[in-house]
Structures are given as structure tokens and as C-alpha cells.
file protein-v7.cif (mmCIF, C-alpha atoms and all ligand atoms)
data_entry
#
loop_
_atom_site.label_atom_id
_atom_site.label_comp_id
_atom_site.auth_asym_id
_atom_site.auth_seq_id
_atom_site.Cartn_x
_atom_site.Cartn_y
_atom_site.Cartn_z
CA MET A 1 98.53 78.67 93.49
CA THR A 2 97.42 82.26 94.01
CA LYS A 3 95.33 82.72 97.13
CA ALA A 4 95.89 86.39 97.78
CA GLU A 5 93.76 89.27 96.60
CA ILE A 6 95.67 90.98 93.77
CA ILE A 7 95.78 94.73 94.38
CA SER A 8 95.72 96.34 90.94
CA GLY A 9 97.89 99.43 90.62
CA THR A 10 96.73 99.82 87.04
CA GLU A 11 93.08 100.18 88.12
CA THR A 12 93.87 102.28 91.20
CA ALA A 13 96.06 104.65 89.16
CA LYS A 14 93.12 105.11 86.74
CA GLU A 15 90.92 106.09 89.70
CA VAL A 16 93.55 108.57 90.96
CA ARG A 17 93.93 110.11 87.47
CA ALA A 18 90.13 110.43 87.13
CA ALA A 19 89.97 112.19 90.52
CA VAL A 20 92.84 114.50 89.47
CA ALA A 21 91.10 115.29 86.17
CA GLY A 22 87.97 116.22 88.17
CA GLY A 23 90.07 118.51 90.39
CA VAL A 24 91.66 120.15 87.34
CA ALA A 25 88.23 120.83 85.81
CA ALA A 26 86.93 122.26 89.10
CA LEU A 27 89.93 124.57 89.36
CA LYS A 28 89.46 125.85 85.81
CA GLU A 29 85.82 126.55 86.62
CA ALA A 30 86.53 128.27 89.94
CA LYS A 31 89.72 130.22 89.18
CA ASN A 32 90.34 129.88 85.45
CA VAL A 33 93.72 128.34 86.28
CA THR A 34 95.29 125.30 84.62
CA PRO A 35 97.92 123.39 86.64
CA GLY A 36 101.30 123.21 84.89
CA LEU A 37 104.02 120.60 85.36
CA ALA A 38 107.58 121.28 84.13
CA VAL A 39 109.84 118.27 83.65
CA VAL A 40 113.59 118.78 83.23
CA LEU A 41 115.58 116.03 81.55
CA VAL A 42 119.37 116.18 81.44
CA GLY A 43 121.03 113.87 78.91
CA ALA A 44 119.44 111.11 76.87
CA ASP A 45 119.20 108.08 79.18
CA PRO A 46 116.71 105.78 77.35
CA ALA A 47 114.82 104.75 80.54
CA SER A 48 114.48 108.42 81.58
CA GLU A 49 113.23 109.31 78.06
CA VAL A 50 110.44 106.73 78.45
CA TYR A 51 109.45 108.05 81.91
CA VAL A 52 109.43 111.65 80.70
CA LYS A 53 107.27 110.81 77.65
CA ASN A 54 104.76 108.92 79.82
CA LYS A 55 104.65 111.77 82.32
CA ALA A 56 104.00 114.35 79.60
CA ARG A 57 101.24 112.23 77.97
CA GLN A 58 99.42 111.58 81.24
CA THR A 59 99.78 115.23 82.34
CA VAL A 60 97.97 116.38 79.21
CA GLU A 61 95.36 113.60 79.54
CA VAL A 62 94.21 114.92 82.95
CA GLY A 63 93.89 118.43 81.51
CA MET A 64 97.12 119.97 82.82
CA ASN A 65 99.80 121.84 80.89
CA SER A 66 103.06 119.95 80.36
CA TYR A 67 106.36 121.75 79.81
CA GLU A 68 109.49 119.82 78.87
CA HIS A 69 113.04 121.16 79.17
CA ARG A 70 115.77 119.03 77.65
CA LEU A 71 119.38 119.84 78.41
CA ASP A 72 122.53 118.27 77.04
CA GLU A 73 124.32 115.93 79.44
CA THR A 74 127.34 118.26 79.45
CA VAL A 75 125.21 121.14 80.79
CA SER A 76 126.79 123.00 83.70
CA GLU A 77 125.26 122.93 87.17
CA VAL A 78 124.93 126.74 87.01
CA THR A 79 122.87 126.57 83.81
CA LEU A 80 120.57 123.95 85.34
CA LEU A 81 120.17 126.03 88.51
CA THR A 82 119.35 129.10 86.38
CA LEU A 83 116.58 127.14 84.61
CA ILE A 84 115.16 126.05 87.97
CA ASP A 85 115.19 129.65 89.15
CA GLN A 86 113.18 130.65 86.05
CA LEU A 87 110.67 127.85 86.64
CA ASN A 88 110.37 128.84 90.32
CA ARG A 89 109.34 132.35 89.20
CA ASP A 90 107.01 131.20 86.42
CA GLU A 91 103.40 131.48 87.63
CA THR A 92 102.15 129.04 84.99
CA VAL A 93 104.36 126.30 86.49
CA HIS A 94 102.98 124.73 89.69
CA GLY A 95 105.18 121.63 89.76
CA ILE A 96 108.84 121.11 88.84
CA LEU A 97 110.40 117.69 88.43
CA VAL A 98 114.06 117.11 87.61
CA GLN A 99 114.41 113.60 86.23
CA LEU A 100 117.02 111.60 88.17
CA PRO A 101 119.70 110.35 87.86
CA LEU A 102 121.68 113.47 86.94
CA PRO A 103 125.17 113.30 85.38
CA ALA A 104 127.97 112.80 87.93
CA HIS A 105 129.28 116.41 87.65
CA ILE A 106 125.98 117.77 89.01
CA ASP A 107 125.10 117.69 92.71
CA ASP A 108 121.60 116.12 92.99
CA HIS A 109 120.91 117.55 96.45
CA LYS A 110 121.86 121.08 95.39
CA VAL A 111 119.55 120.91 92.37
CA ILE A 112 116.58 119.38 94.23
CA ASN A 113 116.91 121.85 97.09
CA ALA A 114 116.93 124.75 94.58
CA ILE A 115 113.32 123.93 93.64
CA LEU A 116 110.78 125.93 95.66
CA PRO A 117 109.40 123.43 98.22
CA GLU A 118 105.84 124.33 97.19
CA LYS A 119 106.65 123.33 93.57
CA ASP A 120 108.66 120.20 94.54
CA VAL A 121 106.14 117.66 93.26
CA ASP A 122 108.63 114.79 93.61
CA GLY A 123 108.66 115.52 97.37
CA PHE A 124 112.46 115.15 97.53
CA HIS A 125 113.31 118.65 98.88
CA ALA A 126 114.74 118.58 102.41
CA ILE A 127 111.91 120.89 103.57
CA ASN A 128 109.24 118.49 102.29
CA ALA A 129 111.05 115.48 103.83
CA GLY A 130 111.27 117.40 107.13
CA ARG A 131 107.63 118.48 107.01
CA LEU A 132 106.58 114.86 106.39
CA ALA A 133 108.74 113.66 109.30
CA THR A 134 107.22 116.27 111.63
CA GLY A 135 103.62 115.62 110.57
CA GLN A 136 103.13 118.92 108.72
CA SER A 137 101.45 119.47 105.37
CA ALA A 138 104.00 118.56 102.67
CA LEU A 139 104.38 117.39 99.11
CA VAL A 140 105.21 113.72 99.68
CA ALA A 141 107.29 111.50 97.38
CA CYS A 142 105.07 109.87 94.75
CA THR A 143 105.99 106.16 94.94
CA PRO A 144 105.55 106.06 98.76
CA VAL A 145 102.13 107.74 98.51
CA GLY A 146 101.20 105.16 95.86
CA CYS A 147 102.30 102.31 98.17
CA VAL A 148 100.07 103.51 100.99
CA ILE A 149 97.05 104.06 98.71
CA LEU A 150 97.47 100.46 97.49
CA ALA A 151 97.87 99.06 101.02
CA LYS A 152 94.65 100.86 102.01
CA LYS A 153 92.86 99.21 99.09
CA ALA A 154 93.47 95.91 100.89
CA LYS A 155 92.63 97.28 104.37
CA SER A 156 91.23 100.77 104.75
CA ASP A 157 92.44 101.13 108.36
CA LEU A 158 96.11 100.20 108.77
CA SER A 159 96.16 101.33 112.41
CA GLY A 160 98.05 99.00 114.76
CA LEU A 161 99.51 96.79 112.03
CA ASP A 162 103.11 95.62 112.29
CA ALA A 163 104.67 97.05 109.13
CA VAL A 164 108.11 96.14 107.80
CA VAL A 165 109.67 98.36 105.14
CA ILE A 166 112.66 96.77 103.40
CA GLY A 167 114.91 99.58 102.16
CA ARG A 168 115.90 102.93 103.64
CA SER A 169 116.38 105.14 100.58
CA ASN A 170 115.32 108.79 100.72
CA ILE A 171 112.96 108.34 97.78
CA VAL A 172 111.14 105.16 98.86
CA GLY A 173 112.00 103.42 102.15
CA LYS A 174 112.19 106.40 104.55
CA PRO A 175 109.09 108.26 103.28
CA VAL A 176 107.02 105.03 103.16
CA ALA A 177 107.98 104.41 106.78
CA GLN A 178 106.95 107.97 107.73
CA LEU A 179 103.59 107.60 105.99
CA LEU A 180 102.93 104.26 107.69
CA LEU A 181 103.73 105.85 111.06
CA GLN A 182 101.09 108.49 110.24
CA GLU A 183 98.70 105.60 109.57
CA ASN A 184 99.48 104.39 113.13
CA CYS A 185 101.41 101.29 112.09
CA THR A 186 104.25 99.95 114.24
CA VAL A 187 107.05 100.41 111.73
CA THR A 188 110.31 98.55 111.34
CA ILE A 189 112.78 99.69 108.66
CA ALA A 190 115.04 96.86 107.47
CA HIS A 191 118.04 97.41 105.20
CA SER A 192 121.16 95.79 103.78
CA ARG A 193 122.79 95.49 107.23
CA SER A 194 119.71 94.09 109.01
CA LYS A 195 120.22 90.68 110.60
CA ASN A 196 117.76 87.82 110.11
CA LEU A 197 115.67 89.62 107.52
CA PRO A 198 113.36 86.61 106.95
CA ASP A 199 112.45 86.58 110.66
CA ILE A 200 111.83 90.34 110.67
CA VAL A 201 109.54 90.02 107.65
CA ARG A 202 107.68 87.04 109.19
CA ARG A 203 106.40 89.39 111.95
CA ALA A 204 104.84 91.76 109.46
CA ASP A 205 101.13 92.26 108.82
CA LEU A 206 102.23 94.65 106.06
CA VAL A 207 105.44 94.32 104.03
CA VAL A 208 106.76 97.02 101.68
CA ALA A 209 109.64 95.56 99.66
CA ALA A 210 111.92 98.31 98.27
CA ALA A 211 115.38 96.76 98.40
CA GLY A 212 116.06 96.69 94.67
CA GLN A 213 116.90 92.94 94.88
CA LYS A 214 115.21 90.68 92.36
CA GLU A 215 112.67 88.27 93.95
CA MET A 216 114.52 88.42 97.28
CA VAL A 217 111.44 88.12 99.52
CA LYS A 218 110.44 84.45 99.54
CA GLY A 219 107.03 82.92 100.17
CA ASP A 220 108.07 81.42 103.51
CA TRP A 221 109.03 84.91 104.78
CA ILE A 222 105.40 86.02 104.54
CA LYS A 223 103.02 85.85 107.49
CA PRO A 224 99.77 84.17 106.39
CA GLY A 225 97.25 86.85 105.39
CA ALA A 226 99.78 89.71 105.26
CA ILE A 227 99.53 92.62 102.82
CA VAL A 228 102.55 92.71 100.48
CA ILE A 229 103.46 95.83 98.48
CA ASP A 230 106.26 95.20 95.98
CA VAL A 231 108.12 98.33 94.86
CA GLY A 232 110.96 96.56 93.02
CA ILE A 233 111.23 96.64 89.24
CA HIS A 234 113.69 94.32 87.48
CA ARG A 235 113.83 93.50 83.78
CA ILE A 236 114.34 89.79 83.07
CA THR A 237 114.53 87.55 80.03
CA LYS A 238 111.90 84.81 80.28
CA GLU A 239 112.39 81.18 79.17
CA ASN A 240 110.71 81.97 75.84
CA GLY A 241 113.34 84.67 75.20
CA LYS A 242 110.89 87.54 75.70
CA SER A 243 111.62 90.23 78.24
CA GLY A 244 109.44 90.80 81.29
CA LEU A 245 109.39 92.50 84.68
CA VAL A 246 109.62 91.05 88.18
CA GLY A 247 109.75 92.69 91.59
CA ASP A 248 111.59 92.31 94.89
CA VAL A 249 109.10 89.60 95.93
CA ALA A 250 108.96 86.02 94.59
CA PHE A 251 105.38 86.62 93.47
CA ASP A 252 103.94 83.09 93.01
CA GLU A 253 105.29 81.84 96.35
CA ALA A 254 104.22 84.96 98.24
CA ALA A 255 100.77 85.11 96.62
CA ALA A 256 100.04 81.59 97.92
CA ILE A 257 100.45 82.81 101.53
CA ALA A 258 99.66 86.56 101.58
CA GLY A 259 96.20 88.03 102.07
CA ALA A 260 96.75 90.69 99.42
CA ILE A 261 99.67 91.48 97.12
CA THR A 262 100.63 93.92 94.36
CA PRO A 263 101.82 92.41 91.07
CA VAL A 264 104.83 93.49 89.00
CA PRO A 265 104.08 94.89 86.47
CA GLY A 266 100.74 96.57 87.18
CA GLY A 267 101.24 97.28 90.89
CA VAL A 268 103.21 100.17 92.39
CA GLY A 269 104.69 101.24 89.01
CA PRO A 270 101.56 102.90 87.53
CA MET A 271 100.87 104.67 90.84
CA THR A 272 104.01 106.80 90.69
CA ILE A 273 102.96 109.04 87.79
CA ALA A 274 99.35 109.15 89.02
CA CYS A 275 100.61 110.45 92.39
CA LEU A 276 102.89 112.95 90.62
CA LEU A 277 99.81 114.41 88.90
CA ARG A 278 98.00 114.39 92.26
CA ASN A 279 100.89 116.36 93.81
CA THR A 280 100.83 118.86 90.93
CA LEU A 281 97.11 119.41 91.52
CA LEU A 282 97.70 119.85 95.28
CA ALA A 283 100.51 122.34 94.56
CA CYS A 284 98.23 124.35 92.25
CA TYR A 285 95.33 124.41 94.75
CA ARG A 286 97.70 125.56 97.49
CA ALA A 287 99.26 128.23 95.22
CA ASN A 288 95.75 129.59 94.67
CA GLY A 289 94.96 129.72 98.39
CA LEU A 290 92.44 126.86 98.17
CA ALA A 291 91.99 123.98 100.62
CA ASP A 292 93.32 120.62 99.40
CA PRO A 293 90.83 118.82 97.16
CA VAL A 294 89.62 115.41 98.36
CA ILE A 295 91.48 113.05 96.01
P1 LIG B 1 118.08 102.10 96.55
O1 LIG B 1 119.10 101.23 95.90
O2 LIG B 1 118.32 103.56 96.66
O3 LIG B 1 117.82 101.56 98.02
C1 LIG B 1 117.68 100.21 98.28
C2 LIG B 1 117.58 100.01 99.77
O4 LIG B 1 117.42 98.62 100.02
C3 LIG B 1 118.79 100.45 100.54
O5 LIG B 1 118.36 101.26 101.62
C4 LIG B 1 119.44 99.17 101.06
O6 LIG B 1 119.90 99.28 102.40
C5 LIG B 1 118.30 98.18 100.99
N1 LIG B 1 118.79 96.86 100.62
C6 LIG B 1 119.60 96.54 99.58
N2 LIG B 1 119.86 95.22 99.58
C7 LIG B 1 119.23 94.69 100.63
C8 LIG B 1 119.13 93.39 101.16
N3 LIG B 1 119.74 92.35 100.60
N4 LIG B 1 118.39 93.22 102.27
C9 LIG B 1 117.75 94.26 102.85
N5 LIG B 1 117.81 95.50 102.38
C10 LIG B 1 118.53 95.73 101.29
O7 LIG B 1 116.71 101.79 95.79
P2 LIG B 1 115.34 102.64 95.70
O8 LIG B 1 115.53 103.80 94.81
O9 LIG B 1 114.78 102.83 97.06
O10 LIG B 1 114.44 101.57 94.89
C11 LIG B 1 114.18 100.29 95.39
C12 LIG B 1 113.51 99.46 94.31
O11 LIG B 1 112.28 100.08 93.95
C13 LIG B 1 114.30 99.33 93.01
O12 LIG B 1 114.05 98.05 92.45
C14 LIG B 1 113.69 100.40 92.12
O13 LIG B 1 113.80 100.08 90.74
C15 LIG B 1 112.26 100.35 92.56
N6 LIG B 1 111.55 101.61 92.39
C16 LIG B 1 110.32 101.54 91.81
C17 LIG B 1 109.57 102.68 91.64
C18 LIG B 1 108.22 102.57 91.03
O14 LIG B 1 107.69 103.52 90.50
N7 LIG B 1 107.58 101.41 91.11
C19 LIG B 1 110.05 103.93 92.05
C20 LIG B 1 111.30 103.96 92.69
C21 LIG B 1 112.02 102.80 92.86
#

call {"tool": "encode", "arguments": {"input": "protein-v7.cif", "output": "C-alpha cells"}}
result
Amino acid sequence: MTKAEIISGTETAKEVRAAVAGGVAALKEAKNVTPGLAVVLVGADPASEVYVKNKARQTVEVGMNSYEHRLDETVSEVTLLTLIDQLNRDETVHGILVQLPLPAHIDDHKVINAILPEKDVDGFHAINAGRLATGQSALVACTPVGCVILAKKAKSDLSGLDAVVIGRSNIVGKPVAQLLLQENCTVTIAHSRSKNLPDIVRRADLVVAAAGQKEMVKGDWIKPGAIVIDVGIHRITKENGKSGLVGDVAFDEAAAIAGAITPVPGGVGPMTIACLLRNTLLACYRANGLADPVI
């Protein structure tokens, strides 16, 4: 029995995209500039193809220019770095995203750190991670920003909450933890070596589950009334043979105890691209010497 408020990422992402579209229109009016997002895809991984198509469609829908660069999976690291250098110099490109994962012969860190930090709309560059950690203006990783926007839908002031982030990856766990610290939460980061994970989670007023483990967080781990943000995405085959998605949280059990919870699908997932567009708009405003728009 669902008791919790369901926090809709689908609806919230629509609101973010509408705000971004407003910012794009205002920028065209004020400076006659259109934000441009360049996406680089290496190889033909089917999941990456889907992400890249969705990104391009939504970029155009908010009024931005979308540029796609497709490279063969045998491309050399030098050729990829040369493309990034060109995009760094291109004034019509305000955001650059290199779709991960990259083939094994290419060094991810080297490629990401070759992007100008001010065009690094994925927020993965070491400078942006460092600026986030030291409380300076940064481009922040998209999924973590989406998680915090959703948590604030349930409770606008997160200050003083005990927050537990499960997962310590550079792209989700660590930046979510940094953002929650900025929101004045008391943050615990749990990971694969943490002991007594259920007991750690039971203390949490706010749980962000980003362990990449299907339905690992059980209902009896959840403190009554807690906010639960589920980042996990796992494809499953249902009893009727159709495929579906589940998260890192056992949704039905957790929703009977939590105060508010994000569903999978329709929770964190749609927020990631919306926040990518938001970052591209921020990058363009900053490149034009304007103060950040309120979005
Ligand atoms: P990752 O594999 O890089 O990191 C997983 C983290 O979870 C690690 O730090 C690990 O220590 C921790 N972990 C693993 N098993 C654990 C366990 N049993 N107990 C506690 N901690 C454990 O994954 P990631 O890239 O951070 O992604 C996490 C999940 O979020 C995945 O399911 C991924 O598909 C999903 N994801 C969703 C979006 C989105 O847009 N919604 C974006 C990125 C990632």
C-alpha cells in the first residue's frame, strides 16, 4: 500500500525544461545568442545512441542548437582530443558532452579534462568537481542536481536533515553528497564496504540510493516519513514477459513507509537531461558575462 507522496521527475523535468526555454528566449532577445550543445558519441553502443537522440531532441525543443559528432569506435585518442580542442574554440558551442563509456583504449579522465571547464556541462571535469567541493560556482553533474531538485520538491528546506547517500561514484554519489552538504544536511556516504548498511539507512531523513544494485534498499530500512530518492535504473523482465524498469529501492515496500519517494521510471531519470540543458544555459549566460538566470 503506497502511503508516500510520489515525487514526479517527469513533471519536474517539464518545469525545468520550460524554465530553460524561457532563459533561452530571454538570451536571444538580450544578446541575439543561441546556446549550443555539442554531443560527441564514440562507437555505436545502443543505449548511448538512445541517450544521444533524446538529448538532441530535447535540446532543440528548448530552442538551443544541437551539434552531434559521431566517431568510429576505433578512433584514436589524439583524434578525439583534436575534436574537443576544436569545440573548445568554437564560439557557437557553449556546452560539450562526451557520451560515456568510451572504448577501453581511450583514457576517460584525459578526455573529460581536455574540455574547457566552462563548457563541461556534464560537470565531470576535475576543476568543476573541485569548485563544487570548495563551494565555488561550478557546472555540477546533472543527475546529482536532479536528485536535489526532487528532494526539495518534498521539503523545500533540507537543512539539518540526516542524509545517507548510498554510492560513492564520481558521477553520482560524491557530487550528491557535496550538494547535500551545501543544503546543510548531515551527510553520510555509504558504499560497498560499509558495515550494517540497513542500520545506517534507518537513521536517514533523506536517502539517495545510487549503488547500482537492483531493489537493494528494503522497506524496513526506511525511517518512517523519510524522503527517498532512487537513482538506480535496472531493466527487468516482468511476469507477463514484458520488459520494465526498477530502481535500487524495493519501491512498494519503501513507499508504504517513506514520506516521499521517487518512482522508477519517471523519477530521477528524466531529470538528468533537463539538468544538462540547464547547465548549457548557465554556461551560455556565463560566457556572455551575464549573471546566472533564476531557473
Ligand atoms: P557505480 O557502479 O559507478 O557506483 C556504484 C557505487 O555504489 C559504488 O561507489 C559502490 O561502492 C556502491 N555500491 C555498490 N554495491 C553496493 C552495496 N551492495 N552496498 C552499498 N554500496 C554499494 O554506479 P553509478 O554510475 O554511480 O550509478 C549508480 C546507479 O545509478 C546505477 O544503477 C546507474 O544505472 C544509475 N544512474 C542513473 C542515472 C539517471 O539518470 N537516473 C544516471 C547515472 C547513474

call {"tool": "residues_near_point", "arguments": {"input": "protein-v7.cif", "point": "(105.1, 81.0, 101.7)", "cutoff": "8 Å", "atoms": "all atoms listed in the file", "output": "count of residues only"}}
result
13

call {"tool": "residues_near_ligand", "arguments": {"input": "protein-v7.cif", "ligand": "ligand LIG 1 (chain B)", "cutoff": "9 Å", "atoms": "all atoms listed in the file", "output": "ChimeraX atom specification"}}
result
/A:142-144,146-147,166-174,190-195,197,209-214,216,230-234,247-248,264-265,267-273

call {"tool": "closest_residue", "arguments": {"input": "protein-v7.cif", "among": "A:Asp292, A:Glu215, A:Asp90, A:Asp205", "to": "A:Val164", "atoms": "only C-alpha atoms"}}
result
A:Asp205

call {"tool": "atom_distance", "arguments": {"input": "protein-v7.cif", "atom1": "atom CA of A:Ala204", "atom2": "atom CA of A:Ala163"}}
result
5.3 Å

call {"tool": "closest_residue", "arguments": {"input": "protein-v7.cif", "among": "A:Pro101, A:Gly160, A:Gly23, A:Gly259", "to": "A:Lys3", "atoms": "only C-alpha atoms"}}
result
A:Gly259

call {"tool": "atom_distance", "arguments": {"input": "protein-v7.cif", "atom1": "atom CA of A:Ala104", "atom2": "atom CA of A:Ile236"}}
result
27.2 Å

call {"tool": "atom_distance", "arguments": {"input": "protein-v7.cif", "atom1": "atom CA of A:Lys14", "atom2": "atom CA of A:Val60"}}
result
14.4 Å

call {"tool": "axis_aligned_box", "arguments": {"input": "protein-v7.cif", "around": "stretch 56-72 of chain A", "padding_each_side": "6 Å", "output": "JSON"}}
result
{"center_x": 108.2, "center_y": 116.7, "center_z": 80.0, "size_x": 40.6, "size_y": 22.3, "size_z": 17.9}

call {"tool": "decode", "arguments": {"input": "protein-v7.cif", "residues": "stretch 75-97 of chain A", "atoms": "N, CA, C and O atoms", "output": "mmCIF file, in the first residue's frame"}}
result
data_model
loop_
_atom_site.group_PDB
_atom_site.id
_atom_site.type_symbol
_atom_site.label_atom_id
_atom_site.label_comp_id
_atom_site.auth_asym_id
_atom_site.auth_seq_id
_atom_site.Cartn_x
_atom_site.Cartn_y
_atom_site.Cartn_z
ATOM 1 N N VAL A 75 38.409 5.048 -33.253
ATOM 2 C CA VAL A 75 39.057 6.365 -33.340
ATOM 3 C C VAL A 75 40.208 6.460 -32.320
ATOM 4 O O VAL A 75 40.115 5.899 -31.213
ATOM 5 N N SER A 76 41.265 7.194 -32.714
ATOM 6 C CA SER A 76 42.390 7.315 -31.774
ATOM 7 C C SER A 76 42.077 8.395 -30.744
ATOM 8 O O SER A 76 41.262 9.301 -30.982
ATOM 9 N N GLU A 77 42.748 8.293 -29.607
ATOM 10 C CA GLU A 77 42.577 9.292 -28.546
ATOM 11 C C GLU A 77 42.958 10.684 -29.064
ATOM 12 O O GLU A 77 42.295 11.672 -28.756
ATOM 13 N N VAL A 78 44.024 10.726 -29.896
ATOM 14 C CA VAL A 78 44.500 12.014 -30.420
ATOM 15 C C VAL A 78 43.418 12.670 -31.280
ATOM 16 O O VAL A 78 43.159 13.879 -31.167
ATOM 17 N N THR A 79 42.752 11.879 -32.104
ATOM 18 C CA THR A 79 41.703 12.444 -32.968
ATOM 19 C C THR A 79 40.559 12.987 -32.115
ATOM 20 O O THR A 79 40.025 14.071 -32.371
ATOM 21 N N LEU A 80 40.194 12.249 -31.079
ATOM 22 C CA LEU A 80 39.116 12.707 -30.188
ATOM 23 C C LEU A 80 39.528 13.998 -29.477
ATOM 24 O O LEU A 80 38.751 14.956 -29.388
ATOM 25 N N LEU A 81 40.774 14.047 -29.008
ATOM 26 C CA LEU A 81 41.254 15.254 -28.318
ATOM 27 C C LEU A 81 41.297 16.450 -29.275
ATOM 28 O O LEU A 81 41.032 17.592 -28.875
ATOM 29 N N THR A 82 41.609 16.188 -30.552
ATOM 30 C CA THR A 82 41.641 17.271 -31.546
ATOM 31 C C THR A 82 40.228 17.831 -31.754
ATOM 32 O O THR A 82 40.036 19.052 -31.837
ATOM 33 N N LEU A 83 39.228 16.938 -31.802
ATOM 34 C CA LEU A 83 37.838 17.396 -31.942
ATOM 35 C C LEU A 83 37.454 18.255 -30.736
ATOM 36 O O LEU A 83 36.840 19.325 -30.882
ATOM 37 N N ILE A 84 37.830 17.799 -29.544
ATOM 38 C CA ILE A 84 37.472 18.574 -28.335
ATOM 39 C C ILE A 84 38.128 19.953 -28.380
ATOM 40 O O ILE A 84 37.491 20.955 -28.043
ATOM 41 N N ASP A 85 39.357 20.007 -28.850
ATOM 42 C CA ASP A 85 40.044 21.288 -28.964
ATOM 43 C C ASP A 85 39.280 22.226 -29.909
ATOM 44 O O ASP A 85 39.087 23.411 -29.609
ATOM 45 N N GLN A 86 38.794 21.664 -31.029
ATOM 46 C CA GLN A 86 38.008 22.485 -31.981
ATOM 47 C C GLN A 86 36.734 23.001 -31.317
ATOM 48 O O GLN A 86 36.366 24.168 -31.473
ATOM 49 N N LEU A 87 36.062 22.116 -30.576
ATOM 50 C CA LEU A 87 34.800 22.518 -29.926
ATOM 51 C C LEU A 87 35.064 23.552 -28.830
ATOM 52 O O LEU A 87 34.261 24.469 -28.628
ATOM 53 N N ASN A 88 36.194 23.407 -28.132
ATOM 54 C CA ASN A 88 36.567 24.400 -27.110
ATOM 55 C C ASN A 88 36.685 25.791 -27.728
ATOM 56 O O ASN A 88 36.336 26.801 -27.111
ATOM 57 N N ARG A 89 37.218 25.844 -28.976
ATOM 58 C CA ARG A 89 37.453 27.147 -29.627
ATOM 59 C C ARG A 89 36.217 27.686 -30.345
ATOM 60 O O ARG A 89 36.204 28.853 -30.737
ATOM 61 N N ASP A 90 35.220 26.841 -30.530
ATOM 62 C CA ASP A 90 34.046 27.221 -31.324
ATOM 63 C C ASP A 90 33.086 28.075 -30.484
ATOM 64 O O ASP A 90 32.503 27.586 -29.502
ATOM 65 N N GLU A 91 32.907 29.329 -30.874
ATOM 66 C CA GLU A 91 32.090 30.244 -30.053
ATOM 67 C C GLU A 91 30.601 29.935 -30.105
ATOM 68 O O GLU A 91 29.829 30.440 -29.286
ATOM 69 N N THR A 92 30.181 29.111 -31.080
ATOM 70 C CA THR A 92 28.757 28.749 -31.138
ATOM 71 C C THR A 92 28.443 27.567 -30.210
ATOM 72 O O THR A 92 27.288 27.208 -30.022
ATOM 73 N N VAL A 93 29.491 26.957 -29.664
ATOM 74 C CA VAL A 93 29.311 25.808 -28.755
ATOM 75 C C VAL A 93 29.554 26.276 -27.326
ATOM 76 O O VAL A 93 30.644 26.741 -26.994
ATOM 77 N N HIS A 94 28.506 26.169 -26.483
ATOM 78 C CA HIS A 94 28.634 26.603 -25.075
ATOM 79 C C HIS A 94 28.762 25.424 -24.129
ATOM 80 O O HIS A 94 29.217 25.580 -22.997
ATOM 81 N N GLY A 95 28.315 24.233 -24.598
ATOM 82 C CA GLY A 95 28.421 23.029 -23.781
ATOM 83 C C GLY A 95 28.947 21.872 -24.611
ATOM 84 O O GLY A 95 28.578 21.725 -25.780
ATOM 85 N N ILE A 96 29.843 21.087 -24.008
ATOM 86 C CA ILE A 96 30.394 19.900 -24.698
ATOM 87 C C ILE A 96 30.156 18.697 -23.799
ATOM 88 O O ILE A 96 30.475 18.724 -22.597
ATOM 89 N N LEU A 97 29.592 17.652 -24.392
ATOM 90 C CA LEU A 97 29.357 16.424 -23.626
ATOM 91 C C LEU A 97 29.943 15.252 -24.412
ATOM 92 O O LEU A 97 29.619 15.089 -25.586
#
